[in-house]
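Engineer: Shown below is the structure under consideration.
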Amino acid sequence: MSGNKSLRLLVLPGDGIGPEVMQQALHVVAWAGEHAAVDFEIREGVVGGAAVDLYGTPILDATIDAARQADAVLFGSVGGPKWEKLDFSLRPEIAILRLRKELSLFANLRPVTVFEPLIDSSTIKPEIIRNLDLVIVRECMGGLYFGEPRGIETMPDGQTRGFNTETYATSEIERVARVAFDLARRRSRKVCSVEKANVTESGLVWRQVITKLHEREFSDVELTHMYADNCAMQLVRRPKQFDVIVTGNIFGDILSDLASMLTGSLGMLPSATIGTSNDGRFSPALYEPIHGSAPDIAGKGIANPMAQILSVAMMLRLSLNLEKEAEMVEQACISALSKGARTADLAHDGEATLTTTQMGDAVLAELHRLIS
Ligand code: IPM
Ligand code: MN
């Protein structure tokens, strides 16, 4: 027995740019293994469209079981035009939705951090975003994504009608709100809860439940409420007013894509999906970039691996309590960027760009420099 920390890691690269960016992230995993003396026991699985092609299903039950037995799942991205016409039950996206649901991972943490070297890569003026650091806590096991009834039906007049249901019950709201309040206690003690309580019952219940929970257990944290449309506007107008945003599944999905552009690129945002903690340790937990499979650039070797690499940093922090190493990975990304490393998504017209592999190498070089 070595005295090393160990982590059972399931790697699911998925489709599109997933495998390309994952390859770079795995170099960082290897670095952490050596530097922090962690024994990673790595298994790989096929998910998404690739699994549809190989097994006829977006995710095998055996892969869900493997994820349950793992301490952490590192996920790439799934989907693409090839599988868009399939029935919903066969869509690549089912892979990530089932993993979240069946592993009871209800809170998706999406940090939005502006790195100074990228201040000019954002479409928003520097003074609006400088030093921005907020976290979106997105509920991801309920809401519009999973509510019943749902379906497609033919109406008496022959029209086709698609329908979905947004539902949120007390316990679902409380457990994700607790994650947000706990997180806020370790930051600037501010939570903004986002819904559409002015037009939806689910939004109204969301607001009432969070208000009561706040009074009962978290009155040391400042709680504000905001309608989702206003939040979208405020994120662009004055994003630094936010610290922790907590919201439901669909608004969290939309607002996090919007917020990613404050950082310069969708290719920069990592995420962690967690459930209930055991003594402060989340297991299993799932780590994935918020970007999709980007079929338009897949296979070209030009995708930005940073979001996947930064997801590894979140894994080191939340699944292994390796705060120092997590910060080193983040610092290595910032250093590489400050030396001018840019993938195409980050570059201005005419600026030299790096391939996915070169960007991964640039981050690794910084990691090695940090420990030498
Ligand atoms: C995300 C993605 C997923 C979602 C898709 C791939 C199902 O967009 O993680 O934000 O909508 O949750
Ligand atoms: Mn999304």
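Each chain in the structure tokens gets a letter, A, B, ..., in the order shown, and its residues are numbered from 1; ligands are numbered from 1 in order too.
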Extract, using only C-alpha atoms, all DNA, RNA and protein residues at most 10 Å from Pro111 of chain A, discarding same-chain residues fewer than 5 positions from it, and format them as a list in words.

Structural biologist: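 That gives Asp133, Leu134, Val135, Ile136, Val137, Asp243, Val244, Ser256, Ala259, Ser260, Leu269, Pro270, Ser271, Ala272 and Met314 of chain A.
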
Engineer: If you run DSSP over the backbone, which residues in segment 111-342 of chain A end up strand (DSSP E or B)? Put them as a VMD selection string.

Structural biologist: chain A and resid 111 to 113 133 to 139 151 to 154 160 to 163 190 to 195 222 to 227 244 to 247 270 to 274 278 281 285 to 289

Engineer: Can you pull out every residue within 8 Å of Ala177 of chain A, counting only C-alpha atoms, but drop anything in the same chain fewer than 4 positions away, and send it as a ChimeraX atom specification?

Structural biologist: /A:173,181,210,246

Engineer: Just to be explicit: take each residue in the selection above, keep all heavy atoms, and write the result as a compact mmCIF listing (two decimals), in the first residue's frame.

Structural biologist:
# COMPACT_ATOMS: atom_id res chain seq x y z
N ILE A 173 -35.95 22.09 -4.27
CA ILE A 173 -35.49 23.49 -4.20
C ILE A 173 -34.54 23.66 -3.02
O ILE A 173 -33.47 24.27 -3.15
CB ILE A 173 -36.70 24.44 -4.08
CG1 ILE A 173 -37.64 24.25 -5.27
CG2 ILE A 173 -36.25 25.89 -3.97
CD1 ILE A 173 -39.02 24.86 -5.10
N PHE A 181 -26.23 28.47 -0.68
CA PHE A 181 -25.98 29.23 0.56
C PHE A 181 -24.64 28.83 1.20
O PHE A 181 -23.88 29.68 1.66
CB PHE A 181 -27.13 29.01 1.56
CG PHE A 181 -28.39 29.77 1.24
CD1 PHE A 181 -29.62 29.12 1.18
CD2 PHE A 181 -28.37 31.15 1.01
CE1 PHE A 181 -30.80 29.80 0.90
CE2 PHE A 181 -29.55 31.85 0.73
CZ PHE A 181 -30.77 31.18 0.67
N ILE A 210 -37.29 29.15 -1.03
CA ILE A 210 -35.96 29.69 -0.75
C ILE A 210 -36.04 30.78 0.33
O ILE A 210 -35.18 30.86 1.21
CB ILE A 210 -35.30 30.23 -2.04
CG1 ILE A 210 -34.94 29.05 -2.94
CG2 ILE A 210 -34.07 31.09 -1.73
CD1 ILE A 210 -33.88 29.28 -3.96
N VAL A 246 -28.44 31.21 -7.88
CA VAL A 246 -29.04 29.87 -7.84
C VAL A 246 -30.32 29.88 -8.66
O VAL A 246 -31.14 30.79 -8.56
CB VAL A 246 -29.30 29.38 -6.39
CG1 VAL A 246 -30.30 30.24 -5.64
CG2 VAL A 246 -29.77 27.91 -6.40

Engineer: Quick one: of A:Glu222, A:Thr247, A:Arg178, A:Pro295, who's nearest to Glu84 of chain A, counting only C-alpha atoms?

Structural biologist: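 Once distances to Glu84 of chain A are computed over only C-alpha atoms, the minimum belongs to A:Pro295.
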
Engineer: Counting only C-alpha atoms, which residue out of A:Leu86, A:Leu74, A:Ala32, A:Met141 sits closest to Ala169 of chain A?

Structural biologist: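 Result for the nearest residue to Ala169 of chain A: A:Met141.
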
Engineer: Which value, in Å to one decimal, gives the distance between atom CA of Thr167 of chain A and atom CA of Arg110 of chain A?

Structural biologist: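 Taking atom CA of Thr167 of chain A as the start and atom CA of Arg110 of chain A as the end point, the length is 22.2 Å.
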
Engineer: Which residues are near Phe163 of chain A? Cut-off 9 Å, only C-alpha atoms, ignore same chain within fewer than 4 positions. Put them as a list in words.

Structural biologist: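 Residues meeting the cut-off are Pro149, Arg150, Gly151, Ile152 and Glu153 of chain A.
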
Engineer: How would the residues just picked look written out with C-alpha atoms as a compact mmCIF listing (two decimals), in the first residue's frame?

Structural biologist:
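Contents of the output file selection14.txt:
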# COMPACT_ATOMS: atom_id res chain seq x y z
CA PRO A 149 -46.17 15.07 -18.63
CA ARG A 150 -44.07 15.59 -21.71
CA GLY A 151 -44.48 14.48 -25.26
CA ILE A 152 -45.60 15.13 -28.79
CA GLU A 153 -49.23 14.58 -29.74

Engineer: Between A:Leu90, A:Ala285, A:Val221, A:Ala347, which residue has the minimum interatomic distance to Ile119 of chain A, considering only C-alpha atoms?

Structural biologist: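 The shortest atom-to-atom distance to Ile119 of chain A comes from A:Ala347.
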
Engineer: Check which residues fall inside 6 Å of ligand 1 when counting only C-alpha atoms and all ligand atoms, and print them as number ranges by chain.

Structural biologist: A: 93, 253, 290
